[in-house]
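Participant: Coordinates in target.cif, mmCIF, C-alpha atoms, are listed below.
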data_query
#
loop_
_atom_site.label_atom_id
_atom_site.label_comp_id
_atom_site.auth_asym_id
_atom_site.auth_seq_id
_atom_site.Cartn_x
_atom_site.Cartn_y
_atom_site.Cartn_z
CA MET X 1 184.62 13.70 -119.40
CA ARG X 2 185.81 10.08 -119.52
CA ARG X 3 189.30 11.10 -118.36
CA VAL X 4 187.78 12.89 -115.36
CA LEU X 5 185.57 9.93 -114.53
CA LEU X 6 188.52 7.57 -114.65
CA ALA X 7 190.24 9.87 -112.20
CA LEU X 8 187.32 9.31 -109.87
CA ALA X 9 187.29 5.61 -110.63
CA LEU X 10 190.14 5.17 -108.19
CA SER X 11 188.67 7.40 -105.51
CA VAL X 12 189.14 6.11 -101.98
CA PRO X 13 188.71 7.85 -98.59
CA LEU X 14 191.06 10.79 -98.24
CA ALA X 15 191.78 12.72 -95.09
CA GLY X 16 190.39 16.23 -94.86
CA ALA X 17 191.19 19.06 -97.23
CA LEU X 18 193.93 19.24 -99.83
CA ALA X 19 197.27 19.36 -98.06
CA PRO X 20 199.96 21.75 -99.29
CA ALA X 21 202.43 20.20 -101.70
CA VAL X 22 205.71 19.15 -100.12
CA ALA X 23 209.11 18.48 -101.61
CA LEU X 24 209.54 14.74 -101.97
CA THR X 25 212.86 12.92 -102.23
CA PRO X 26 213.48 9.32 -103.27
CA ALA X 27 213.85 6.80 -100.46
CA PRO X 28 217.42 5.73 -99.63
CA ALA X 29 219.20 3.26 -101.93
CA PRO X 30 220.40 0.72 -102.84
CA LEU X 31 219.27 -2.43 -100.95
CA ALA X 32 218.13 -0.72 -97.78
CA GLY X 33 216.20 1.74 -99.93
CA GLU X 34 214.59 -1.06 -101.93
CA GLU X 35 213.49 -2.79 -98.75
CA ARG X 36 212.19 0.49 -97.34
CA GLN X 37 210.23 1.21 -100.47
CA ALA X 38 208.79 -2.32 -100.48
CA ALA X 39 207.65 -1.78 -96.90
CA TRP X 40 205.84 1.43 -97.85
CA VAL X 41 204.18 -0.32 -100.81
CA GLU X 42 202.97 -3.15 -98.59
CA ARG X 43 201.69 -0.73 -95.98
CA ALA X 44 199.76 1.16 -98.66
CA ARG X 45 198.42 -2.06 -100.17
CA SER X 46 197.22 -3.28 -96.79
CA TRP X 47 195.57 0.07 -96.01
CA LEU X 48 193.73 0.09 -99.34
CA GLU X 49 192.67 -3.52 -98.98
CA GLY X 50 191.16 -2.68 -95.61
CA LEU X 51 188.54 -0.59 -97.40
CA GLY X 52 185.43 -2.70 -97.83
CA ARG X 53 182.14 -0.83 -97.83
CA PHE X 54 181.88 2.93 -97.39
CA ARG X 55 180.06 6.07 -98.43
CA ALA X 56 181.76 9.44 -98.77
CA ARG X 57 181.50 12.90 -100.22
CA PHE X 58 184.12 13.93 -102.78
CA THR X 59 185.56 17.11 -104.25
CA GLN X 60 187.20 17.03 -107.65
CA ILE X 61 189.63 19.68 -108.88
CA GLY X 62 190.11 19.53 -112.63
CA PRO X 63 193.20 20.54 -114.61
CA ASP X 64 191.52 23.88 -115.41
CA GLY X 65 190.79 24.55 -111.73
CA ALA X 66 187.10 23.70 -112.06
CA VAL X 67 185.64 22.21 -108.88
CA ALA X 68 182.85 19.63 -108.74
CA THR X 69 181.36 17.70 -105.84
CA GLY X 70 179.33 14.55 -105.42
CA THR X 71 178.77 11.32 -103.52
CA LEU X 72 180.72 8.08 -103.74
CA TRP X 73 179.61 4.60 -102.68
CA VAL X 74 181.93 1.57 -102.72
CA TRP X 75 181.14 -2.04 -101.87
CA ARG X 76 184.01 -4.37 -102.69
CA PRO X 77 184.42 -6.53 -104.57
CA GLY X 78 183.15 -5.13 -107.84
CA ARG X 79 180.68 -2.38 -106.92
CA MET X 80 180.96 1.40 -107.02
CA ARG X 81 178.62 4.32 -107.67
CA ILE X 82 179.57 7.97 -108.25
CA GLU X 83 176.98 10.73 -108.57
CA TYR X 84 177.91 14.35 -109.29
CA ASP X 85 175.92 17.12 -107.64
CA PRO X 86 173.87 19.47 -109.83
CA PRO X 87 174.32 21.23 -112.15
CA ALA X 88 176.36 18.25 -113.44
CA GLN X 89 174.23 15.31 -114.59
CA VAL X 90 176.85 12.58 -114.58
CA LEU X 91 176.58 9.13 -113.06
CA MET X 92 179.06 6.25 -113.02
CA VAL X 93 178.11 2.74 -111.88
CA ALA X 94 180.38 -0.29 -111.57
CA THR X 95 178.21 -3.38 -111.56
CA ASP X 96 178.31 -6.95 -112.85
CA TRP X 97 182.00 -6.43 -113.71
CA ARG X 98 181.18 -3.68 -116.18
CA LEU X 99 181.50 0.09 -115.87
CA VAL X 100 178.67 2.36 -117.03
CA PHE X 101 179.18 6.09 -117.73
CA HIS X 102 175.98 8.11 -118.16
CA ASP X 103 175.74 11.81 -119.00
CA ALA X 104 172.08 12.81 -118.77
CA ALA X 105 172.79 16.24 -120.30
CA SER X 106 173.91 14.71 -123.58
CA GLY X 107 171.95 11.48 -123.25
CA GLN X 108 175.11 9.47 -123.87
CA THR X 109 175.88 6.18 -122.15
CA ASN X 110 179.14 4.24 -122.44
CA VAL X 111 179.78 0.74 -121.12
CA LEU X 112 183.24 -0.77 -120.60
CA PRO X 113 184.44 -4.06 -119.13
CA LEU X 114 185.56 -3.31 -115.59
CA SER X 115 188.82 -5.14 -116.32
CA GLU X 116 189.78 -2.42 -118.81
CA THR X 117 189.57 0.38 -116.23
CA PRO X 118 191.46 1.32 -113.04
CA LEU X 119 188.47 0.08 -111.10
CA ALA X 120 189.70 -3.46 -111.58
CA PHE X 121 192.60 -2.49 -109.29
CA LEU X 122 190.49 -0.84 -106.60
CA LEU X 123 187.44 -3.10 -106.62
CA GLY X 124 189.06 -6.52 -106.82
CA GLU X 125 188.88 -9.13 -104.10
CA ARG X 126 192.48 -8.22 -103.26
CA ILE X 127 194.51 -5.07 -103.91
CA GLU X 128 197.49 -5.98 -106.10
CA LEU X 129 200.33 -3.52 -106.78
CA ASP X 130 202.64 -5.85 -108.66
CA GLY X 131 200.44 -7.02 -111.53
CA ARG X 132 198.80 -5.00 -114.27
CA VAL X 133 198.84 -2.00 -111.93
CA ARG X 134 202.38 -1.54 -110.66
CA VAL X 135 204.27 0.93 -108.51
CA VAL X 136 206.86 2.75 -110.61
CA ARG X 137 208.11 5.26 -108.04
CA VAL X 138 208.17 5.64 -104.25
CA GLU X 139 209.12 9.01 -102.76
CA GLU X 140 209.37 10.22 -99.19
CA GLY X 141 208.92 13.63 -97.62
CA PRO X 142 209.08 14.61 -93.95
CA ALA X 143 205.32 14.12 -93.51
CA GLU X 144 204.19 12.24 -96.61
CA VAL X 145 204.94 9.23 -98.79
CA ALA X 146 203.99 9.18 -102.47
CA LEU X 147 203.45 6.05 -104.57
CA THR X 148 203.12 6.52 -108.30
CA VAL X 149 201.37 3.69 -110.13
CA GLU X 150 200.66 3.04 -113.79
CA ASP X 151 199.16 0.40 -116.03
CA ALA X 152 201.94 -2.04 -116.92
CA GLU X 153 200.25 -2.79 -120.23
CA ARG X 154 199.91 0.90 -121.15
CA PRO X 155 202.80 2.79 -119.53
CA GLY X 156 202.24 5.87 -121.69
CA ALA X 157 198.58 6.22 -120.78
CA GLY X 158 199.22 8.31 -117.66
CA SER X 159 199.83 7.68 -113.97
CA ILE X 160 198.22 7.97 -110.56
CA THR X 161 200.06 9.21 -107.48
CA LEU X 162 198.74 8.18 -104.07
CA ILE X 163 200.02 10.55 -101.40
CA PHE X 164 199.84 9.16 -97.87
CA ALA X 165 200.28 11.05 -94.61
CA ARG X 166 202.84 9.18 -92.52
CA GLU X 167 201.47 9.72 -88.98
CA PRO X 168 198.85 8.45 -88.69
CA PHE X 169 199.15 6.55 -91.97
CA ARG X 170 196.30 7.47 -94.29
CA LEU X 171 195.71 8.51 -97.88
CA ALA X 172 195.92 12.31 -97.95
CA ARG X 173 195.19 13.03 -101.62
CA TRP X 174 195.03 11.52 -105.05
CA GLU X 175 196.53 12.99 -108.23
CA VAL X 176 195.88 11.59 -111.71
CA VAL X 177 198.05 12.66 -114.66
CA ASP X 178 196.65 11.72 -118.06
CA ALA X 179 198.50 10.98 -121.29
CA GLN X 180 198.49 14.71 -122.13
CA GLY X 181 200.12 15.62 -118.81
CA LEU X 182 196.95 17.15 -117.32
CA THR X 183 196.37 16.64 -113.60
CA THR X 184 193.10 15.98 -111.75
CA VAL X 185 192.99 15.94 -107.95
CA VAL X 186 190.26 14.09 -106.04
CA LEU X 187 189.57 14.52 -102.32
CA VAL X 188 187.03 12.59 -100.32
CA ASP X 189 185.65 13.50 -96.89
CA SER X 190 182.63 12.85 -94.66
CA ILE X 191 183.57 9.17 -94.80
CA GLU X 192 181.12 6.62 -93.40
CA PRO X 193 182.88 3.23 -93.11
CA GLU X 194 180.59 0.21 -93.30
CA ALA X 195 177.71 2.55 -94.13
CA PRO X 196 174.37 0.80 -94.68
CA MET X 197 173.47 0.82 -98.37
CA ASP X 198 171.02 -0.83 -100.72
CA ARG X 199 172.46 -3.11 -103.39
CA GLN X 200 170.10 -1.37 -105.83
CA LEU X 201 172.57 1.54 -105.79
CA PHE X 202 174.82 -0.63 -107.94
CA VAL X 203 172.16 -1.68 -110.44
CA TRP X 204 172.20 0.20 -113.73
CA HIS X 205 168.74 1.32 -114.91
CA ASP X 206 168.90 2.26 -118.59
CA PRO X 207 166.84 5.48 -118.97
CA ARG X 208 165.74 4.37 -122.44
CA LEU X 209 163.92 1.49 -120.77
CA TRP X 210 162.89 3.08 -117.51
CA GLY X 211 161.54 6.34 -118.92
CA ASP X 212 163.76 8.78 -117.03
CA THR X 213 166.82 10.78 -118.02
CA THR X 214 169.22 10.03 -115.19
CA GLY X 215 169.61 6.29 -114.83
CA ILE X 216 169.41 6.93 -111.08
CA ASP X 217 167.14 4.63 -109.10
CA ARG X 218 165.40 6.46 -106.26
#
Once more with this new file: its structure as structure tokens, please.

Facilitator:
Amino acid sequence: MRRVLLALALSVPLAGALAPAVALTPAPAPLAGEERQAAWVERARSWLEGLGRFRARFTQIGPDGAVATGTLWVWRPGRMRIEYDPPAQVLMVATDWRLVFHDAASGQTNVLPLSETPLAFLLGERIELDGRVRVVRVEEGPAEVALTVEDAERPGAGSITLIFAREPFRLARWEVVDAQGLTTVVLVDSIEPEAPMDRQLFVWHDPRLWGDTTGIDR
């Protein structure tokens, strides 16, 4: 479950339904290609950094084909909430620079420093693609551009490919490959930019103290 949640940890607004896969080819090389790739990276960075506060619905497709849905809230810097729809009983809250995973079905709760997760990349004050999270490959297709990123400190831990539609430029889908080579796809729709939201959404309520089983404040 943690691998799937980390896939969602980098969820950002996607455009519509899952687009068909396209054949991608590396951008031209040498110098002109390097400059072209750098331009794509900067355009992607700027687009991601433009995301501030939003609410959205998401659909997750697991490596076994299983589909789950839920709601995502983001308020940068540092705050995110992900709730799965029933029958799943999973909640993830990024708050106070920590990340809380709660599975009400098992009663298990895990807490990690936000800096040790991909959320540090997405939820920071600025989006950085040349630090701990770095772009390792840029590919172009006729309608899409793909940027593959990985953790510079753990290059064997897996990768994330951001696939952007070129016209108009937008993130079309998100594919996470874990250390075992398994792929999870996350799509987000029904996006509400600058949606009104209560800061209490990003406050973790420990069910052992609050007498419920979800950790979800209503």

Participant: Around (177.5, 7.2, -108.0), as given in the file, which residues come within 9 Å? Count all atoms listed in the file and list them as a PyMOL selection string.

Facilitator: chain X and resi 70-74+80-84+90-94+201-202+216

Participant: Run the PyMOL selection byres ((chain X and resi 150-162) around 6) mentally over the shown coordinates, then write out the matched residues as JSON, numbers by chain, using the chain letters and numbers from the document.

Facilitator: {"X": [132, 133, 134, 146, 147, 148, 149, 163, 174, 175, 176, 177, 178, 179]}

Participant: Output C-alpha atoms of each residue in that selection to a file, as a PDB file, keeping the file's coordinate frame.

Facilitator:
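Resulting contents of result.pdb:
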ATOM      1  CA  ARG X 132     198.800  -5.000-114.270  1.00  0.00           C
ATOM      2  CA  VAL X 133     198.840  -2.000-111.930  1.00  0.00           C
ATOM      3  CA  ARG X 134     202.380  -1.540-110.660  1.00  0.00           C
ATOM      4  CA  ALA X 146     203.990   9.180-102.470  1.00  0.00           C
ATOM      5  CA  LEU X 147     203.450   6.050-104.570  1.00  0.00           C
ATOM      6  CA  THR X 148     203.120   6.520-108.300  1.00  0.00           C
ATOM      7  CA  VAL X 149     201.370   3.690-110.130  1.00  0.00           C
ATOM      8  CA  ILE X 163     200.020  10.550-101.400  1.00  0.00           C
ATOM      9  CA  TRP X 174     195.030  11.520-105.050  1.00  0.00           C
ATOM     10  CA  GLU X 175     196.530  12.990-108.230  1.00  0.00           C
ATOM     11  CA  VAL X 176     195.880  11.590-111.710  1.00  0.00           C
ATOM     12  CA  VAL X 177     198.050  12.660-114.660  1.00  0.00           C
ATOM     13  CA  ASP X 178     196.650  11.720-118.060  1.00  0.00           C
ATOM     14  CA  ALA X 179     198.500  10.980-121.290  1.00  0.00           C
TER      15      ALA X 179
END

Participant: Could you name the residues that touch Thr109 of chain X at 10 Å or less, counting only C-alpha atoms, but leaving out those on the same chain fewer than 3 positions away, as JSON, numbers by chain?

Facilitator: {"X": [90, 91, 92, 100, 101, 102, 103, 104, 106, 206, 207, 215]}

Participant: Compare X:Leu129, X:Ala39, X:Ala56, X:Leu48 by their minimum atom-to-atom distance to Met197 of chain X, counting all atoms listed in the file, and give me the closest one.

Facilitator: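 Between X:Leu129, X:Ala39, X:Ala56, X:Leu48, the residue approaching Met197 of chain X most closely is X:Ala56.
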
Participant: Which of these, X:Glu167, X:Glu194, X:Glu139, X:Asp189, has the shortest distance to Glu34 of chain X once you count only C-alpha atoms?

Facilitator: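 When distances to Glu34 of chain X are compared using only C-alpha atoms, the smallest one comes from X:Glu139.
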
Participant: What gap, in Å, lies between atom CA of Arg199 of chain X and atom CA of Ala120 of chain X?

Facilitator: 19.1 Å

Participant: Can you sort out segment 194-205 of chain X so it carries N, CA and C atoms, written as a PDB file, keeping the file's coordinate frame?

Facilitator:
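Once everything was written out, this is selection-v6.pdb:
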ATOM      1  N   GLU X 194     181.628   1.211 -93.525  1.00  0.00           N
ATOM      2  CA  GLU X 194     180.590   0.210 -93.300  1.00  0.00           C
ATOM      3  C   GLU X 194     179.192   0.824 -93.285  1.00  0.00           C
ATOM      4  N   ALA X 195     179.009   1.887 -94.078  1.00  0.00           N
ATOM      5  CA  ALA X 195     177.710   2.550 -94.130  1.00  0.00           C
ATOM      6  C   ALA X 195     176.653   1.608 -94.691  1.00  0.00           C
ATOM      7  N   PRO X 196     175.445   1.624 -94.116  1.00  0.00           N
ATOM      8  CA  PRO X 196     174.370   0.800 -94.680  1.00  0.00           C
ATOM      9  C   PRO X 196     174.015   1.315 -96.069  1.00  0.00           C
ATOM     10  N   MET X 197     173.825   0.415 -97.014  1.00  0.00           N
ATOM     11  CA  MET X 197     173.470   0.820 -98.370  1.00  0.00           C
ATOM     12  C   MET X 197     172.720  -0.295 -99.065  1.00  0.00           C
ATOM     13  N   ASP X 198     171.843   0.102 -99.952  1.00  0.00           N
ATOM     14  CA  ASP X 198     171.020  -0.830-100.720  1.00  0.00           C
ATOM     15  C   ASP X 198     171.800  -1.301-101.935  1.00  0.00           C
ATOM     16  N   ARG X 199     171.778  -2.588-102.206  1.00  0.00           N
ATOM     17  CA  ARG X 199     172.460  -3.110-103.390  1.00  0.00           C
ATOM     18  C   ARG X 199     171.900  -2.521-104.680  1.00  0.00           C
ATOM     19  N   GLN X 200     170.689  -1.976-104.637  1.00  0.00           N
ATOM     20  CA  GLN X 200     170.100  -1.370-105.830  1.00  0.00           C
ATOM     21  C   GLN X 200     170.898  -0.138-106.281  1.00  0.00           C
ATOM     22  N   LEU X 201     171.701   0.429-105.395  1.00  0.00           N
ATOM     23  CA  LEU X 201     172.570   1.540-105.790  1.00  0.00           C
ATOM     24  C   LEU X 201     173.507   1.135-106.915  1.00  0.00           C
ATOM     25  N   PHE X 202     173.823  -0.146-106.979  1.00  0.00           N
ATOM     26  CA  PHE X 202     174.820  -0.630-107.940  1.00  0.00           C
ATOM     27  C   PHE X 202     174.168  -1.361-109.107  1.00  0.00           C
ATOM     28  N   VAL X 203     172.876  -1.114-109.303  1.00  0.00           N
ATOM     29  CA  VAL X 203     172.160  -1.680-110.440  1.00  0.00           C
ATOM     30  C   VAL X 203     171.928  -0.574-111.457  1.00  0.00           C
ATOM     31  N   TRP X 204     172.363  -0.808-112.690  1.00  0.00           N
ATOM     32  CA  TRP X 204     172.200   0.200-113.730  1.00  0.00           C
ATOM     33  C   TRP X 204     170.793   0.108-114.325  1.00  0.00           C
ATOM     34  N   HIS X 205     170.066   1.239-114.315  1.00  0.00           N
ATOM     35  CA  HIS X 205     168.740   1.320-114.910  1.00  0.00           C
ATOM     36  C   HIS X 205     168.833   2.180-116.168  1.00  0.00           C
TER      37      HIS X 205
END
